[in-house]
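Asks: Sending over a structure as structure tokens; questions will come in a sec.
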Amino acid sequence: MKVLAAGVVPLLLVLHWKHGAGSPLPITPVNATCAIRHPCHNNLMNQIRSQLAQLNGSANALFILYYTAQGEPFPNNLDKLCGPNVTDFPPFHANGTEKAKLVELYRIVVYLGTSLGNITRDQKILNPSALSLHSKLNATADILRGLLSNVLCRLCSKYHVGHVDVTYGPDTSGKDVFQKKKLGCQLLGKYKQIIAVLAQAF
Amino acid sequence: MALFAIFQTTFFLTLLSLRTYQSEVLAERLPLTPVSLKVSTNSTRQSLHLQWTVHNLPYHQELKMVFQIQISRIETSNVIWVGNYSTTVKWNQVLHWSWESELPLECATHFVRIKSVVDDAKFPEPNFWSNWSSWEEVSVQDSTGQDILFVFPKDKLVEEGTNVTICYVSRNIQNNVSCYLEGKQIHGEQLDPHVTAFNLNSVPFIRNKGTNIYCEASQGNVSEGMKGIVLFVSKVLEEPKDFSCETEDFKTLHCTWDPGTDTALGWSKQPSQSYTLFESFSGEKKLCTHKNWCNWQITQDSQETYNFTLTAENYLRKRSVNILFNLTHRVYLMNPFSVNFENVNATNAIMTWKVHSMRNNFTYLCQIELHGEGKMMQYNVSIKVNGEYFLSELEPATEYMARVRCADASHFWKWSEWSGQNFTTLEAAPSEAPDVWRIVNLEPGNHTVTLFWKPLSKLHANGKILFYNVVVENLDKPSRSELHSIPAPANSTKLILDRCSYQICVTANNSVGASPASVIVISADPENKEVEEERIAGTEGGFSLSWKPQPGDVIGYVVDWCDHTQDVLGDFQWKNVGPNTTSTVISTDAFRPGVRYDFRIYGLSTKRIACLLEKKTGYSQELAPSDNPHVLVDTLTSHSFTLSWKDYSTESQPGFIQGYHVYLKSKARQCHPRFEKAVLSDGSECCKYKIDNPEEKALIVDNLKPESFYEFFITPFTSAGEGPSATFTKVTTPDEHSSMLIHILLPMVFCVLLIMVMCYLKSQWIKETCYPDIPDPYKSSILSLIKFKENPHLIIMNVSDCIPDAIEVVSKPEGTKIQFLGTRKSLTETELTKPNYLYLLPTEKNHSGPGPCICFENLTYNQAASDSGSCGHVPVSPKAPSMLGLMTSPENVLKALKNYINSLGEIPAGETSLNYVSQLASPMFGDKDSLPTNPVEPPHCSEYKMQMAVSLRLALPPPTENSSLSSITLLDPGEHYC
């Protein structure tokens with residue numbers, strides 16, 4: 001049943017990605033066909049590589065903007081508060097086949113997308129004046145959405161992968177403010193780390 | 001007695017019944033113990049909420065009771081708070097009570113118990129406390145999960161300046177935990193091995209995003225984890241200030257206030273404070289949407305009095321202010337409108353305006369402000385609806401700004417906003433004569449008068465000055481006067497007047513009329529008498545001038561001045577002084593340090609004729625000279641040299657030059673006489689000589705050593721100091737003997753030059769004398785050689801010594817001559833019977849023959865002819881070797897030729913020409929010395945030949961056909977032969 005739950009709907013979800021996408025997904029049929037609404041582009045892999053490179057280029061700046069906006073002790077305790085110790089983060093194996101790598105990339109992008117949505121929501125409330133941070137978060141989320149769409153197209157068109165089991169980032173809505181800051185910082189630290197690996201692997 | 005017994009019985013019965021009732025109540029009160037005590041928590045508010053009931057209360061009865069509550073922390077014996085709670089208890093009522101803990105409830109377990117006592121007047125003393133209820137334990141379990149460290153309270157909202165207690169719970173008591181507030185470590189009190197509390201006194205507001213407080217657990221130097229909280233500190237809500245309400249139309253009340261600090265916090269912890277308006281008479285309330293103003297609709301015309309309460313509120317506090325007022329006393333009028341100006345002329349105008357009507361019979365107080373010429377006038381006027389005010393005493397041609405505002409005259413509350421407009425008064429004729437002065441330059445036959453005038457002030461111009469009229473009237477010839485109109489804004493003009501007295505009137509004119517005239521008189525007599533210039537010292541405030549009064553009546557004095565170095569027209573100034581004043585201070589910002597100003601003081605006679613009294617010159621502040629003189633070194637000898645700086649001008653300097661300092665450096669430590677030791681700015685020592693006369697611009701530095709190195713530097717000085725530092729000029733004195741050598745060498749060079757000039761002038765003579773083109777055999781060196789060899793055969797023989805054996809003159813017949821001339825045949829065509837030889841002899845008798853052609857050869861140079869066909873050779877017989885010597889001198893040859901020609905008596909002189917031509921040819925072989933040794937051998941051609949050009953009209957001896965040995969030249973125009 002768990003496997004069934006992760007079907008085409010996650011894919012549809014990410015196509016209409018919004019903040020707070022970490023909510024439970026509706027159950028989808030097992031034999032959902034691999035259907036996409038738009039034809040895939042020819043040079044999908046090039047676009048995926050380009051998007052990964054773009055994300056990799058801006059990840060560090062986003063990380064710095066984030067922890068600076070949180071105030072002390074974050075900038076001076078990055079290893080303790082912003083270490084990439086994210087539980088349940090999807091794994092990635094750079095030496096796998098393209099299909100396997102794409103599937104893992106898909107999981108990672110879904111995870112990052114939901115987490116980034118939570119962070120953006122939190123920061124807009126907590127730091128309403130940090131416009132630069134908001135802008136960077138939004139831009140990153142936009143690129144992630146495009147990347148997910150391209151990965152989906154590639155998986156569907158070449159490997160006929162109809163569904164992928166995914167996990168989502170932790171829901172921070174019930175956490176206290178300090179914990180939200182810390183989780184966001186850890187996630188962005190992890191994002192900075194993994195996006196470099198992904199950009200290298202593709 | 002019976003009555004007493006009845007009374008006594010009744011008393012006892014009453015007493016007995018009372019005691020019985022009392023016993024019943026007490027028996028019922030004893031069970032009034034709090035029961036069913038339940039304790040709940042509010043973690044956010046850090047409060048314990050107690051609820052309980054009181055059993056055994058009589059039905060429908062109310063009792064005032066006192067409950068004593070005890071709260072312990074961590075363990076029951078650790079009572080941290082005891083208090084009473086008094087209330088009226090009803091039957092079956094659930095009682096509630098809250099207690100707020102300063103310590104986060106998550107940090108420690110709390111215990112609560114309660115007891116009660118009846119405190120009601122219906123039950124007199126004594127009262128007894130009930131027993132304590134059992135302890136209720138309260139524990140907030142939030143420290144779950146795998147984490148080893150927890151910090152509380154989370155996201156707490158407090159007000160700035162309050163005291164806050166935070167705590168951490170550490171699972172591992174081995175860990176060392178440090179806590180920090182914004183990076184600064186804080187120290188707390190350990191409540192138990194796992195819990196430590198921190199009391200933060202008077203927490204400050206740092207930012208609206210909250211204050212990070214965090215704790216780090218570590219073992220040794222290894223961090224085990226970091227946890228934190230965000231404390232949201234709000235600013236203290238301020239009471240609204242300047243709260244007031246007013247109406248401008250009796251329909252709406254506009255209330256305003258100063259809200260003070262915004263207490264909004266991030267993370268939606270607290271929004272901005274809200275404002276509520278409450279009117280107590282009407283009981284209406286309105287939530288204001290703006291933070292500093294609110295409109296209140298006036299619905300009841302009859303309500304004149306209002307009592308408003310403005311309440312500001314946030315999550316932590318409420319603040320209120322109150323105002324009570326009568327509506328008619330809070331009328332704030334709209335600003336007046338239709339402001340206009342009527343009948344505007346040069347000095348007055350009428351201002352009109354209107355006011356928005358409020359109610360009938362309303363009187364308005366209006367205030368008018370008139371701004372113009374840097375001044376402000378204020379007038380108040382009371383009006384009904386239409387306002388009007390007469391503005392007088394205005395300045396002509398002046399722009400004014402007039403504005404008006406109004407208020408309720410009955411109950412003044414506040415002025416309305418201003419309404420205003422600009423207007424300009426009309427022009428009037430200038431009211432004052434222009435201030436005129438002049439410079440008179442005397443030139444041959446006339447005066448050049450340069451008139452200056454100052455522009456009229458705006459106050460006196462009364463409009464825009466268009467032109468100045470200058471009327472020049474000849475006082476000696478009254479009929480003659482001239483008018484010059486000079487357009488503004490010119491402030492000077494130049495007049496050339498003859499040597500008569502003139503009166504000059506200057507008026508300024510605008511579009512309305514002319515100003516009064518300013519009159520000055522130029523006297524026919526020279527006025528610029530010689531006055532000695534006096535030096536004065538200025539100050540930063542200017543120049544203080546005083547002068548001797550002019551004898552006779554004066555109408556005033558004029559001091560004029562200009563920059564000493566600049567053009568007079570560009571910087572000319574003057575000042576008028578009254579007749580009784582003989583001193584003044586000239587102060588102006590235009591005076592610059594280091595600039596020399598020349599002042600002239602004139603007295604004005606009653607006839608308005610100016611007389612120069614004194615001249616003064618000075619600096620407002622003297623400066624040190626800006627440059628040093630260019631020094632020339634003259635008369636450099638081994639013991640002295642002269643320094644001169646004649647070109648240095650002392651006049652155009654930034655101060656009065658008082659003299660010069662001469663600095664001299666030498667290897668010798670001792671200074672020369674007249675010099676004194678001085679230390680330069682760079683610390684080096686030198687000798688210094690002071691020249692006190694600025695016109696002394698030369699100095700002889702003597703007593704120097706020959707072949708020594710000296711350095712000098714000359715700088716002028718003023719009262720402000722000496723000139724700029726510059727490099728020293730180096731001088732080396734020459735050797736002592738060099739001058740002597742010069743004394744000898746110079747005449748010698750002169751003599752040599754003289755000789756060379758003489759030689760050049762007499763070069764022709766010398767050439768002819770010493771090395772002529774044709775060498776004189778007698779002067780030839782060969783003679784000495786001959787003499788040295790003592791060769792008897794090689795002596796030069798004089799002609800007179802030569803006695804030839806025979807002279808053979810070959811003469812050509814006369815007919816041949818004629819034929820030759822007539823036919824012009826070639827010489828080769830002429831038949832010659834035998835060769836002709838001519839020996840030149842000193843006697844005439846042997847020259848009977850007509851032979852006109854002489855051919856000879858100078859054998860001094862034994863050289864071959866280049867062309868044997870072009871020249872002949874005189875065959876020299878071995879018998880006549882002495883002829884060699886005869887031919888060696890061209891003079892002799894010429895002489896011989898002349899003699900020979902003279903001997904031709906029958907040949908007319910005009911028909912005979914004789915040319916002597918020297919030819920030089922390259923030697924072909926042999927040397928000169930060998931020539932005489934072989935005279936017999938005829939050379940091919942001679943280097944040196946004597947040629948005689950003979951006119952064609954002369955009869956020529958016909959040469960023989962093979963006369964290659966003789967050289968005969970016939971010169972004919974157009975044809976040459978050789």
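Note on naming: chains are A, B, ... as they come in the structure tokens, residues start from 1 per chain, ligands start from 1 in the order shown.
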Which residues of chain B are close to chain A, meaning at most 6 Å apart when you count only C-alpha atoms, and how do they look as a PyMOL selection string?
Replies: chain B and resi 182+228-230+266-267
Asks: Give me the residues near Asn46 of chain A as a list in words, where near means some atom within 12 Å (using only C-alpha atoms) and where sequence neighbours in that chain fewer than 4 positions away do not count.
Replies: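 My reading of the contact set: His41, Asn42, Ser50, Gln51, Leu52, Ala53, Leu147, Asn150, Val151, Arg154, Ala199 and Phe202 of chain A.
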Asks: Now that the selection is made, can you save its residues with N, CA and C atoms as a PDB file, in the first residue's frame?
Replies:
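part-v4.pdb, freshly written:
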ATOM      1  N   HIS A  41      11.224  17.610 -24.046  1.00  0.00           N
ATOM      2  CA  HIS A  41      12.187  18.258 -24.927  1.00  0.00           C
ATOM      3  C   HIS A  41      13.218  17.250 -25.396  1.00  0.00           C
ATOM      4  N   ASN A  42      13.871  17.553 -26.485  1.00  0.00           N
ATOM      5  CA  ASN A  42      14.836  16.603 -27.041  1.00  0.00           C
ATOM      6  C   ASN A  42      16.078  16.445 -26.168  1.00  0.00           C
ATOM      7  N   SER A  50      22.302  21.466 -17.030  1.00  0.00           N
ATOM      8  CA  SER A  50      22.357  22.920 -16.919  1.00  0.00           C
ATOM      9  C   SER A  50      21.663  23.405 -15.639  1.00  0.00           C
ATOM     10  N   GLN A  51      20.539  22.806 -15.339  1.00  0.00           N
ATOM     11  CA  GLN A  51      19.810  23.222 -14.127  1.00  0.00           C
ATOM     12  C   GLN A  51      20.577  22.849 -12.872  1.00  0.00           C
ATOM     13  N   LEU A  52      21.206  21.680 -12.901  1.00  0.00           N
ATOM     14  CA  LEU A  52      22.014  21.288 -11.744  1.00  0.00           C
ATOM     15  C   LEU A  52      23.191  22.240 -11.560  1.00  0.00           C
ATOM     16  N   ALA A  53      23.790  22.598 -12.680  1.00  0.00           N
ATOM     17  CA  ALA A  53      24.919  23.531 -12.593  1.00  0.00           C
ATOM     18  C   ALA A  53      24.460  24.881 -12.056  1.00  0.00           C
ATOM     19  N   LEU A 147      13.570  21.406 -12.789  1.00  0.00           N
ATOM     20  CA  LEU A 147      14.427  20.216 -12.809  1.00  0.00           C
ATOM     21  C   LEU A 147      13.576  18.962 -12.603  1.00  0.00           C
ATOM     22  N   ASN A 150      11.779  18.042 -15.726  1.00  0.00           N
ATOM     23  CA  ASN A 150      12.658  17.444 -16.736  1.00  0.00           C
ATOM     24  C   ASN A 150      13.035  16.009 -16.365  1.00  0.00           C
ATOM     25  N   VAL A 151      13.312  15.775 -15.083  1.00  0.00           N
ATOM     26  CA  VAL A 151      13.662  14.411 -14.646  1.00  0.00           C
ATOM     27  C   VAL A 151      12.478  13.482 -14.875  1.00  0.00           C
ATOM     28  N   ARG A 154      12.251  12.651 -18.499  1.00  0.00           N
ATOM     29  CA  ARG A 154      13.305  11.720 -18.904  1.00  0.00           C
ATOM     30  C   ARG A 154      12.972  10.307 -18.440  1.00  0.00           C
ATOM     31  N   ALA A 199      25.606  17.739  -9.486  1.00  0.00           N
ATOM     32  CA  ALA A 199      26.117  18.442 -10.663  1.00  0.00           C
ATOM     33  C   ALA A 199      27.318  17.712 -11.243  1.00  0.00           C
ATOM     34  N   PHE A 202      26.145  14.162 -13.113  1.00  0.00           N
ATOM     35  CA  PHE A 202      25.449  14.217 -14.414  1.00  0.00           C
ATOM     36  C   PHE A 202      26.269  14.982 -15.430  1.00  0.00           C
TER      37      PHE A 202
END
Asks: Would you please give, as a list of chain:residue names, all residues of segment 72-114 of chain A that DSSP assigns to alpha helix (DSSP H) based on the backbone?
Replies: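 Result set for segment 72-114 of chain A (alpha helix (DSSP H)): A:Leu78, A:Asp79, A:Lys80, A:Leu81, A:Glu98, A:Lys99, A:Ala100, A:Lys101, A:Leu102, A:Val103, A:Glu104, A:Leu105, A:Tyr106, A:Arg107, A:Ile108, A:Val109, A:Val110, A:Tyr111, A:Leu112, A:Gly113, A:Thr114.
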Asks: What does the structure give for the distance between atom CA of Asn446 of chain B and atom CA of Cys500 of chain B, in Å to one decimal?
Replies: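 Calculated distance between atom CA of Asn446 of chain B and atom CA of Cys500 of chain B is 8.4 Å.
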Asks: Tell me, as a list in words, which residues lie within 7 Å of Glu313 of chain B, counting only C-alpha atoms; anything in the same chain fewer than 2 positions away does not count.
Replies: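 Answer for this query is Gln273, Ser274, Tyr275, Thr311, Tyr315, Arg317, Lys318 and Arg319 of chain B.
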Asks: If you measure from atom CA of Thr637 of chain B to atom CA of Leu664 of chain B, what distance in Å do you get, rounded to one decimal?
Replies: 16.6 Å
Asks: So what do you get for atom CA of Ala461 of chain B versus atom CA of Ser518 of chain B, distance-wise?
Replies: 14.2 Å
Asks: I'd like the contact shell of segment 287-290 of chain B - 10 Å cut-off, only C-alpha atoms, skipping same-chain residues fewer than 6 positions apart - returned as a list in words.
Replies: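 Using only C-alpha atoms, the neighbours found are Thr256, Pro259, Ser274, Tyr275, Thr276, Leu277, Phe278, Trp296, Leu310 and Thr311 of chain B.
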